[in-house]
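Next up, model.txt (compact mmCIF, C-alpha atoms):
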# COMPACT_ATOMS: atom_id res chain seq x y z
CA MET A 1420 137.35 -73.92 -4.34
CA SER A 1421 139.56 -76.63 -5.85
CA TRP A 1422 138.35 -78.65 -8.83
CA THR A 1423 138.48 -82.24 -10.08
CA HIS A 1424 135.96 -82.21 -12.97
CA LEU A 1425 136.09 -78.88 -14.78
CA ILE A 1426 133.64 -77.74 -17.45
CA ARG A 1427 133.36 -74.55 -19.49
CA PHE A 1428 129.76 -73.61 -20.20
CA ILE A 1429 127.27 -70.90 -21.07
CA ALA A 1430 125.08 -70.43 -18.00
CA VAL A 1431 121.31 -70.43 -18.25
CA GLU A 1432 121.15 -67.87 -15.47
CA ASP A 1433 123.16 -65.07 -17.11
CA SER A 1434 124.01 -66.29 -20.66
CA GLN A 1435 127.71 -65.78 -19.87
CA THR A 1436 130.62 -68.18 -20.28
CA HIS A 1437 131.97 -69.66 -17.04
CA LEU A 1438 134.36 -72.27 -15.69
CA GLY A 1439 132.98 -74.55 -13.02
CA GLN A 1440 133.29 -77.78 -11.06
CA LEU A 1441 130.58 -80.37 -11.72
CA VAL A 1442 128.17 -80.63 -8.81
CA ASP A 1443 127.87 -84.37 -9.49
CA PRO A 1444 131.11 -85.69 -11.06
CA THR A 1445 129.62 -89.19 -11.37
CA ARG A 1446 127.28 -87.95 -14.15
CA ASP A 1447 128.21 -88.45 -17.81
CA VAL A 1448 127.44 -84.86 -18.75
CA GLY A 1449 128.13 -85.48 -22.43
CA GLU A 1450 125.13 -87.79 -22.53
CA ASP A 1451 123.15 -85.49 -20.21
CA SER A 1452 123.64 -82.66 -22.70
CA VAL A 1453 122.24 -84.70 -25.59
CA ASN A 1454 119.35 -85.96 -23.45
CA GLY A 1455 118.35 -82.49 -22.29
CA ILE A 1456 119.21 -83.09 -18.62
CA ASP A 1457 120.26 -80.01 -16.66
CA ILE A 1458 124.00 -79.81 -15.96
CA ALA A 1459 124.87 -78.09 -12.71
CA ALA A 1460 128.27 -76.72 -11.82
CA TYR A 1461 129.80 -74.75 -8.97
CA LEU A 1462 131.56 -71.64 -10.10
CA ILE A 1463 135.00 -71.41 -8.60
CA ASN A 1464 133.54 -69.02 -6.01
CA GLY A 1465 130.99 -71.66 -4.99
CA ASP A 1466 127.82 -70.37 -6.69
CA ILE A 1467 125.76 -72.98 -8.59
CA PHE A 1468 124.86 -72.37 -12.24
CA ASN A 1469 123.32 -74.52 -14.99
CA GLY A 1470 124.42 -74.32 -18.59
CA ARG A 1471 125.33 -75.52 -22.07
CA LEU A 1472 128.66 -77.31 -22.50
CA LEU A 1473 131.59 -75.82 -24.38
CA SER A 1474 135.11 -77.07 -25.09
CA PRO A 1475 137.04 -77.17 -21.77
CA LEU A 1476 139.65 -74.89 -23.35
CA PRO A 1477 138.86 -72.00 -25.70
CA PRO A 1478 141.13 -71.39 -28.71
CA SER A 1479 142.48 -68.26 -26.99
CA THR A 1480 143.86 -70.41 -24.14
CA CYS A 1481 145.19 -73.21 -26.35
CA THR A 1482 148.81 -72.52 -27.24
CA TYR A 1483 149.43 -75.58 -29.46
CA ILE A 1484 147.71 -78.83 -30.46
CA ARG A 1485 150.16 -81.72 -30.80
CA CYS A 1486 149.11 -85.20 -31.80
CA LEU A 1487 150.55 -88.71 -31.87
CA GLY A 1488 149.90 -91.13 -34.70
CA LEU A 1489 150.26 -94.93 -34.59
CA ASN A 1490 150.52 -94.98 -30.80
CA TYR A 1491 148.57 -98.18 -30.10
CA THR A 1492 149.91 -101.65 -30.82
CA ASP A 1493 146.60 -102.91 -32.23
CA HIS A 1494 146.16 -99.85 -34.49
CA ALA A 1495 149.65 -100.30 -35.96
CA LYS A 1496 148.77 -103.95 -36.59
CA GLU A 1497 145.49 -103.15 -38.38
CA ALA A 1498 147.38 -100.61 -40.53
CA ASN A 1499 149.99 -103.31 -41.31
CA LEU A 1500 152.77 -101.03 -40.10
CA SER A 1501 155.78 -101.71 -37.90
CA LEU A 1502 155.75 -100.33 -34.36
CA PRO A 1503 157.42 -96.91 -34.36
CA THR A 1504 160.68 -96.50 -32.46
CA ALA A 1505 159.89 -92.83 -31.77
CA PRO A 1506 156.54 -91.03 -31.54
CA THR A 1507 154.95 -90.05 -34.85
CA ILE A 1508 154.07 -86.37 -34.36
CA PHE A 1509 151.81 -83.98 -36.24
CA SER A 1510 149.99 -80.77 -35.34
CA LYS A 1511 146.55 -79.25 -35.69
CA PRO A 1512 145.89 -75.50 -35.87
CA ARG A 1513 143.87 -73.81 -33.14
CA THR A 1514 141.02 -73.38 -35.63
CA ALA A 1515 140.55 -77.16 -35.43
CA LEU A 1516 139.57 -76.93 -31.76
CA ASN A 1517 135.92 -77.79 -31.20
CA GLY A 1518 133.62 -78.66 -28.31
CA PRO A 1519 131.05 -81.28 -27.31
CA TYR A 1520 127.37 -81.38 -28.27
CA PRO A 1521 125.65 -79.15 -29.27
CA ALA A 1522 128.80 -78.33 -31.28
CA THR A 1523 128.86 -80.17 -34.61
CA ILE A 1524 131.67 -81.67 -36.65
CA ASN A 1525 131.39 -79.78 -39.93
CA ILE A 1526 132.77 -81.64 -42.95
CA PRO A 1527 133.84 -79.12 -45.62
CA LYS A 1528 133.22 -79.73 -49.32
CA CYS A 1529 136.87 -80.69 -49.90
CA ALA A 1530 136.40 -83.69 -47.56
CA GLN A 1531 132.95 -84.85 -48.68
CA ASP A 1532 134.43 -87.76 -50.64
CA GLY A 1533 133.30 -90.66 -48.47
CA THR A 1534 136.52 -90.88 -46.44
CA SER A 1535 135.81 -88.74 -43.34
CA ASP A 1536 136.82 -90.75 -40.29
CA TYR A 1537 136.83 -90.74 -36.49
CA GLU A 1538 139.65 -91.49 -34.04
CA ALA A 1539 138.82 -91.85 -30.34
CA GLU A 1540 141.67 -90.55 -28.20
CA LEU A 1541 142.63 -89.66 -24.66
CA CYS A 1542 143.70 -86.03 -24.59
CA PHE A 1543 145.60 -84.12 -21.94
CA VAL A 1544 146.41 -80.48 -21.29
CA ILE A 1545 149.79 -79.19 -20.13
CA GLY A 1546 149.28 -77.18 -16.94
CA LYS A 1547 152.71 -75.65 -16.41
CA THR A 1548 155.50 -74.75 -18.79
CA GLY A 1549 158.57 -77.00 -18.85
CA ARG A 1550 161.52 -78.24 -20.88
CA ASP A 1551 163.64 -81.42 -20.76
CA ILE A 1552 161.12 -83.00 -18.40
CA PRO A 1553 162.11 -86.44 -17.05
CA GLU A 1554 159.54 -89.25 -17.14
CA SER A 1555 159.57 -89.41 -13.35
CA GLU A 1556 158.20 -85.84 -13.16
CA ALA A 1557 156.10 -85.79 -16.33
CA LEU A 1558 152.64 -86.13 -14.79
CA ASP A 1559 153.35 -83.11 -12.57
CA TYR A 1560 153.05 -81.01 -15.74
CA VAL A 1561 149.56 -82.27 -16.66
CA LEU A 1562 146.60 -80.03 -15.84
CA GLY A 1563 143.97 -82.64 -16.65
CA TYR A 1564 142.58 -85.25 -19.03
CA THR A 1565 139.64 -85.25 -21.42
CA ALA A 1566 138.26 -87.05 -24.48
CA SER A 1567 139.08 -86.04 -28.04
CA ASN A 1568 138.22 -87.05 -31.59
CA ASP A 1569 140.97 -86.76 -34.19
CA VAL A 1570 138.60 -86.28 -37.14
CA SER A 1571 140.50 -87.19 -40.29
CA ALA A 1572 139.93 -86.71 -44.02
CA ARG A 1573 141.54 -89.91 -45.32
CA GLY A 1574 141.30 -88.92 -48.99
CA LEU A 1575 143.43 -85.87 -48.25
CA GLN A 1576 145.65 -87.74 -45.80
CA PHE A 1577 146.92 -90.49 -48.06
CA VAL A 1578 148.06 -88.29 -50.95
CA THR A 1579 150.92 -86.91 -48.85
CA SER A 1580 153.27 -88.01 -46.08
CA GLN A 1581 152.35 -84.98 -43.97
CA TRP A 1582 149.07 -85.27 -42.03
CA GLY A 1583 148.62 -81.75 -40.67
CA PHE A 1584 146.24 -80.54 -43.39
CA SER A 1585 144.01 -83.62 -43.59
CA LYS A 1586 143.60 -83.70 -39.81
CA GLY A 1587 143.56 -79.93 -39.27
CA LEU A 1588 140.34 -78.84 -40.96
CA ASP A 1589 138.18 -76.38 -39.04
CA GLY A 1590 136.47 -78.06 -36.08
CA SER A 1591 138.30 -81.36 -36.58
CA CYS A 1592 139.49 -81.53 -32.96
CA PRO A 1593 136.49 -81.71 -30.63
CA ILE A 1594 137.48 -82.21 -26.99
CA GLY A 1595 135.49 -82.53 -23.77
CA PRO A 1596 133.07 -82.54 -22.18
CA VAL A 1597 134.98 -82.52 -18.86
CA LEU A 1598 138.59 -81.81 -17.96
CA VAL A 1599 139.42 -84.27 -15.17
CA SER A 1600 142.25 -83.37 -12.80
CA THR A 1601 145.29 -85.52 -12.08
CA SER A 1602 144.01 -85.94 -8.53
CA ALA A 1603 141.00 -87.82 -9.93
CA ILE A 1604 142.94 -89.71 -12.65
CA THR A 1605 146.27 -90.60 -11.07
CA ASP A 1606 147.33 -93.10 -13.76
CA PRO A 1607 146.32 -92.30 -17.36
CA GLN A 1608 147.35 -95.78 -18.52
CA THR A 1609 144.31 -97.38 -16.81
CA LEU A 1610 141.50 -95.97 -18.98
CA SER A 1611 139.16 -97.52 -21.53
CA VAL A 1612 138.81 -95.81 -24.93
CA GLN A 1613 135.77 -96.29 -27.17
CA ALA A 1614 134.33 -94.79 -30.34
CA ILE A 1615 130.60 -95.26 -30.86
CA HIS A 1616 129.21 -94.50 -34.33
CA ASN A 1617 125.42 -94.27 -34.64
CA GLY A 1618 125.07 -96.46 -31.55
CA VAL A 1619 127.59 -99.11 -32.65
CA VAL A 1620 130.88 -99.53 -30.75
CA CYS A 1621 133.58 -99.27 -33.44
CA GLN A 1622 136.66 -98.87 -31.24
CA ASP A 1623 137.11 -100.61 -27.91
CA GLY A 1624 140.65 -100.09 -26.63
CA HIS A 1625 142.62 -99.32 -23.50
CA THR A 1626 145.37 -96.82 -22.74
CA GLU A 1627 147.57 -99.61 -21.34
CA ASN A 1628 148.19 -100.54 -24.99
CA MET A 1629 149.82 -97.21 -25.86
CA ILE A 1630 153.27 -97.63 -27.37
CA PHE A 1631 154.37 -94.33 -25.81
CA SER A 1632 152.68 -93.61 -22.47
CA VAL A 1633 151.69 -90.13 -21.36
CA LYS A 1634 154.90 -89.94 -19.31
CA LYS A 1635 157.07 -91.01 -22.25
CA THR A 1636 155.26 -88.61 -24.58
CA ILE A 1637 155.88 -85.60 -22.33
CA ALA A 1638 159.53 -86.54 -21.84
CA TYR A 1639 160.03 -86.98 -25.59
CA LEU A 1640 158.23 -83.79 -26.69
CA SER A 1641 160.03 -81.64 -24.12
CA GLN A 1642 163.54 -82.60 -25.27
CA GLY A 1643 165.15 -79.28 -26.17
CA THR A 1644 161.62 -77.91 -26.71
CA THR A 1645 159.57 -75.88 -24.27
CA LEU A 1646 156.11 -77.32 -23.63
CA VAL A 1647 153.99 -74.28 -22.90
CA ALA A 1648 151.05 -74.33 -20.49
CA GLY A 1649 147.84 -74.60 -22.49
CA THR A 1650 149.28 -77.12 -24.97
CA ILE A 1651 146.78 -79.83 -25.88
CA ILE A 1652 148.22 -83.26 -26.65
CA LEU A 1653 146.25 -86.06 -28.35
CA THR A 1654 147.69 -89.48 -27.57
CA GLY A 1655 146.71 -91.62 -30.56
CA THR A 1656 143.89 -94.05 -31.25
CA PRO A 1657 143.32 -97.79 -30.78
CA ALA A 1658 142.25 -100.20 -33.54
CA GLY A 1659 138.88 -99.88 -35.21
CA ILE A 1660 139.04 -96.74 -37.34
CA GLY A 1661 136.43 -96.59 -40.07
CA PHE A 1662 138.87 -96.66 -42.99
CA PHE A 1663 140.04 -100.19 -42.18
CA LYS A 1664 136.61 -101.70 -41.55
CA GLU A 1665 134.76 -103.96 -44.00
CA PRO A 1666 132.47 -102.42 -45.05
CA ARG A 1667 134.17 -99.09 -44.49
CA VAL A 1668 132.60 -96.79 -41.88
CA VAL A 1669 132.37 -93.12 -42.88
CA LEU A 1670 131.22 -90.00 -41.07
CA ARG A 1671 128.18 -88.81 -43.01
CA ASP A 1672 125.77 -85.91 -42.70
CA GLY A 1673 123.55 -86.38 -39.63
CA ASP A 1674 125.66 -89.11 -38.01
CA ASP A 1675 126.17 -89.38 -34.26
CA ILE A 1676 129.79 -90.00 -33.21
CA ARG A 1677 130.84 -90.48 -29.58
CA VAL A 1678 134.18 -90.89 -27.83
CA ARG A 1679 133.91 -92.46 -24.38
CA ILE A 1680 136.92 -92.42 -22.06
CA GLY A 1681 136.79 -94.27 -18.73
CA GLY A 1682 136.89 -91.82 -15.85
CA VAL A 1683 136.10 -88.87 -18.15
CA GLY A 1684 132.74 -89.47 -19.83
CA THR A 1685 131.42 -89.19 -23.35
CA LEU A 1686 132.30 -86.60 -25.99
CA ILE A 1687 129.33 -86.46 -28.36
CA ASN A 1688 129.02 -84.67 -31.69
CA LYS A 1689 126.65 -84.70 -34.62
CA VAL A 1690 128.14 -84.62 -38.12
CA ARG A 1691 127.15 -81.90 -40.56
CA TYR A 1692 128.15 -81.62 -44.21
CA GLU A 1693 128.73 -77.98 -45.13
This entry written out as structure tokens:
Amino acid sequence: MSWTHLIRFIAVEDSQTHLGQLVDPTRDVGEDSVNGIDIAAYLINGDIFNGRLLSPLPPSTCTYIRCLGLNYTDHAKEANLSLPTAPTIFSKPRTALNGPYPATINIPKCAQDGTSDYEAELCFVIGKTGRDIPESEALDYVLGYTASNDVSARGLQFVTSQWGFSKGLDGSCPIGPVLVSTSAITDPQTLSVQAIHNGVVCQDGHTENMIFSVKKTIAYLSQGTTLVAGTIILTGTPAGIGFFKEPRVVLRDGDDIRVRIGGVGTLINKVRYE
């Protein structure tokens, strides 16, 4: 069967990991998972199973995690930085890949300095390999869209001009809970983006305010560079990150942090200090 809302999960029925299409794609299964509501999915062969959510892509399938910084006009303004003329790019290792609740965001001792931060982001997965992709064809290379949290250790970030280490700690890239196909989201620049920290909306943005759209991002990144199927691309965050708030908002042990993307649902994680 074809799919529009794909989840990866451990089935109650056989304790095995499966891919499946949500039986009811109108449900916010991220919230259902936290609230203990059964999540039903059709396996690709049509059988119905119930299970516990995992990241839509396992590390073994992810070929590369690429990320954009300063890609929203309001975020650049709050950071008091000029709008970039080209995308600001950094990478995360595959060990950063994480899933939705019950997966936790584990803050290691090196980042337990009161600067751990959230960044709510639309994320997309490259579905077919390509190079020198024109904007007009860019969305044909997208497998689907999901929510992501670019968890960042600001204390480590601001001592260097390179962000890969401070944003690449183990488990610092939760994504999910659902991978939504391009047939269900035909225009990725029409989606709301929120971060909700302990029940308080901290970020409330919209993908129409991206400086570099999904199309432009794919065209830029594929210049002279092969984008391989399985690549995960984070598209940047709107205004409202914890570091710039007064008083500052920090991810602390036991916190609840949620990323809600319109048309996708809610990525929920608890925070745990190692």
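Shortest atom-to-atom contact with Gly1449 (chain A) among A:Thr1492, A:Gln1435, A:Thr1565, A:Gln1531: A:Thr1565, counting all atoms listed in the file.
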Subject >> Point-to-point distance from CA of Ala1566 (chain A) to CA of Val1544 (chain A), Å rounded to tenths >> reply: 10.9 Å
**OP:** Please provide as an MDAnalysis selection string all residues within 9 Å of His1616 (chain A), with the sequence filter that same-chain residues fewer than 3 positions apart are discarded (counting only C-alpha atoms).
**Re:** chainID A and resid 1537 1619:1621 1668 1670 1674:1678
**OP:** Pick out the residues sitting within 12 Å of Pro1607 (chain A), and hand them over as a PyMOL selection string; count all atoms listed in the file, and ignore anything fewer than 5 positions along from it in its own chain.
**Re:** chain A and resi 1540-1543+1557-1558+1561+1563-1566+1599-1602+1612+1625-1629+1631-1635+1654+1680-1683
**OP:** Report the distance between CA of Ala1658 (chain A) and CA of Ala1498 (chain A) in Å, rounded to one decimal place.
**Re:** 8.7 Å
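Once Gln1642 (chain A) and its same-chain neighbours fewer than 6 positions away are set aside, Gly1549, Arg1550, Asp1551, Ile1552 and Pro1553 of chain A remain within 10 Å of it when counting all atoms listed in the file.
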**OP:** Figure out the distance between CA of Lys1511 (chain A) and CA of Cys1481 (chain A), please, to one decimal in Å.
**Re:** 11.2 Å
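Among the candidates A:Asp1606, A:Asp1623, A:Glu1538, A:Glu1556, the residue lying nearest to Gly1655 (chain A) is A:Glu1538 (atoms considered: only C-alpha atoms).
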Subject >> Contacts of Leu1425 (chain A) within 12 Å, only C-alpha atoms, excl. fewer than 5 positions in-chain, as JSON, numbers by chain >> reply: {"A": [1420, 1437, 1438, 1439, 1440, 1441, 1442, 1443, 1444, 1448, 1459, 1460, 1461, 1462, 1463, 1472, 1473, 1474, 1475, 1476, 1562, 1563, 1564, 1565, 1595, 1596, 1597, 1598, 1599, 1600, 1601, 1603, 1683]}
**OP:** Go ahead and find all residues with at least one atom no further than 12 Å from (154.9, -71.4, -17.7) in the file's coordinates, using only C-alpha atoms; report them as an MDAnalysis selection string.
**Re:** chainID A and resid 1482 1545:1550 1560 1645:1650
Given all atoms listed in the file, how would the per-residue table for region 1507-1567 of chain A near region 1578-1589 of chain A read, listing every residue at most 7 Å away with its closest atom pair and distance in Å to one decimal, sorted by chain and number, as JSON lines?
{"residue": "A:Phe1509", "atom": "CA", "partner": "A:Gly1583", "partner_atom": "CA", "distance": 5.9}
{"residue": "A:Ser1510", "atom": "CA", "partner": "A:Gly1583", "partner_atom": "CA", "distance": 5.6}
{"residue": "A:Lys1511", "atom": "CA", "partner": "A:Gly1587", "partner_atom": "CA", "distance": 4.7}
{"residue": "A:Pro1512", "atom": "CA", "partner": "A:Gly1587", "partner_atom": "CA", "distance": 6.1}
{"residue": "A:Thr1514", "atom": "CA", "partner": "A:Asp1589", "partner_atom": "CA", "distance": 5.4}
{"residue": "A:Ala1515", "atom": "CA", "partner": "A:Asp1589", "partner_atom": "CA", "distance": 4.4}
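In this comparison, which uses only C-alpha atoms, the residue of A:Ala1505, A:Gly1574, A:Arg1667, A:Leu1489 approaching Asp1532 (chain A) most closely is A:Gly1574.
Counting only C-alpha atoms and comparing A:Pro1477, A:His1424, A:Ala1539, A:Phe1468, the residue that lies closest to Ile1687 (chain A) is A:Ala1539.
Of the residues listed (A:Ser1421, A:Gly1470, A:Asn1454, A:Ser1535), A:Gly1470 shows the shortest atom-to-atom separation from Thr1436 (chain A); distances use all atoms listed in the file.
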Original post:
Which is closest to Gln1622 (chain A) among A:His1494, A:Gly1518, A:Asn1525, A:Phe1577, if we use all atoms listed in the file?
Top reply: A:His1494
Region 1498-1507 of chain A, all listed atoms, 4 Å padding on each side: what axis-aligned box centre and edge lengths in Å to one decimal come out, as AutoDock Vina command-line options?
--center_x 154.0 --center_y -96.7 --center_z -36.4 --size_x 21.3 --size_y 21.3 --size_z 17.8
For region 1638-1649 of chain A, where the input has fewer atoms than it should, I would like N, CA and C atoms rebuilt and written as an mmCIF file, in the frame of the given file.
data_model
loop_
_atom_site.group_PDB
_atom_site.id
_atom_site.type_symbol
_atom_site.label_atom_id
_atom_site.label_comp_id
_atom_site.auth_asym_id
_atom_site.auth_seq_id
_atom_site.Cartn_x
_atom_site.Cartn_y
_atom_site.Cartn_z
ATOM 1 N N ALA A 1638 158.070 -86.554 -21.872
ATOM 2 C CA ALA A 1638 159.530 -86.540 -21.840
ATOM 3 C C ALA A 1638 160.113 -86.371 -23.235
ATOM 4 N N TYR A 1639 159.526 -87.058 -24.211
ATOM 5 C CA TYR A 1639 160.030 -86.980 -25.590
ATOM 6 C C TYR A 1639 159.802 -85.578 -26.177
ATOM 7 N N LEU A 1640 158.571 -85.062 -26.053
ATOM 8 C CA LEU A 1640 158.230 -83.790 -26.690
ATOM 9 C C LEU A 1640 158.959 -82.608 -26.052
ATOM 10 N N SER A 1641 159.386 -82.765 -24.802
ATOM 11 C CA SER A 1641 160.030 -81.640 -24.120
ATOM 12 C C SER A 1641 161.550 -81.630 -24.280
ATOM 13 N N GLN A 1642 162.094 -82.583 -25.032
ATOM 14 C CA GLN A 1642 163.540 -82.600 -25.270
ATOM 15 C C GLN A 1642 163.956 -81.362 -26.071
ATOM 16 N N GLY A 1643 164.666 -80.458 -25.444
ATOM 17 C CA GLY A 1643 165.150 -79.280 -26.170
ATOM 18 C C GLY A 1643 164.032 -78.385 -26.654
ATOM 19 N N THR A 1644 162.792 -78.639 -26.236
ATOM 20 C CA THR A 1644 161.620 -77.910 -26.710
ATOM 21 C C THR A 1644 160.744 -77.549 -25.523
ATOM 22 N N THR A 1645 160.418 -76.301 -25.379
ATOM 23 C CA THR A 1645 159.570 -75.880 -24.270
ATOM 24 C C THR A 1645 158.123 -76.264 -24.537
ATOM 25 N N LEU A 1646 157.547 -77.033 -23.605
ATOM 26 C CA LEU A 1646 156.110 -77.320 -23.630
ATOM 27 C C LEU A 1646 155.422 -76.214 -22.838
ATOM 28 N N VAL A 1647 154.607 -75.445 -23.511
ATOM 29 C CA VAL A 1647 153.990 -74.280 -22.900
ATOM 30 C C VAL A 1647 152.643 -74.652 -22.284
ATOM 31 N N ALA A 1648 152.353 -74.115 -21.119
ATOM 32 C CA ALA A 1648 151.050 -74.330 -20.490
ATOM 33 C C ALA A 1648 149.936 -73.957 -21.463
ATOM 34 N N GLY A 1649 148.921 -74.794 -21.531
ATOM 35 C CA GLY A 1649 147.840 -74.600 -22.490
ATOM 36 C C GLY A 1649 147.978 -75.464 -23.725
#
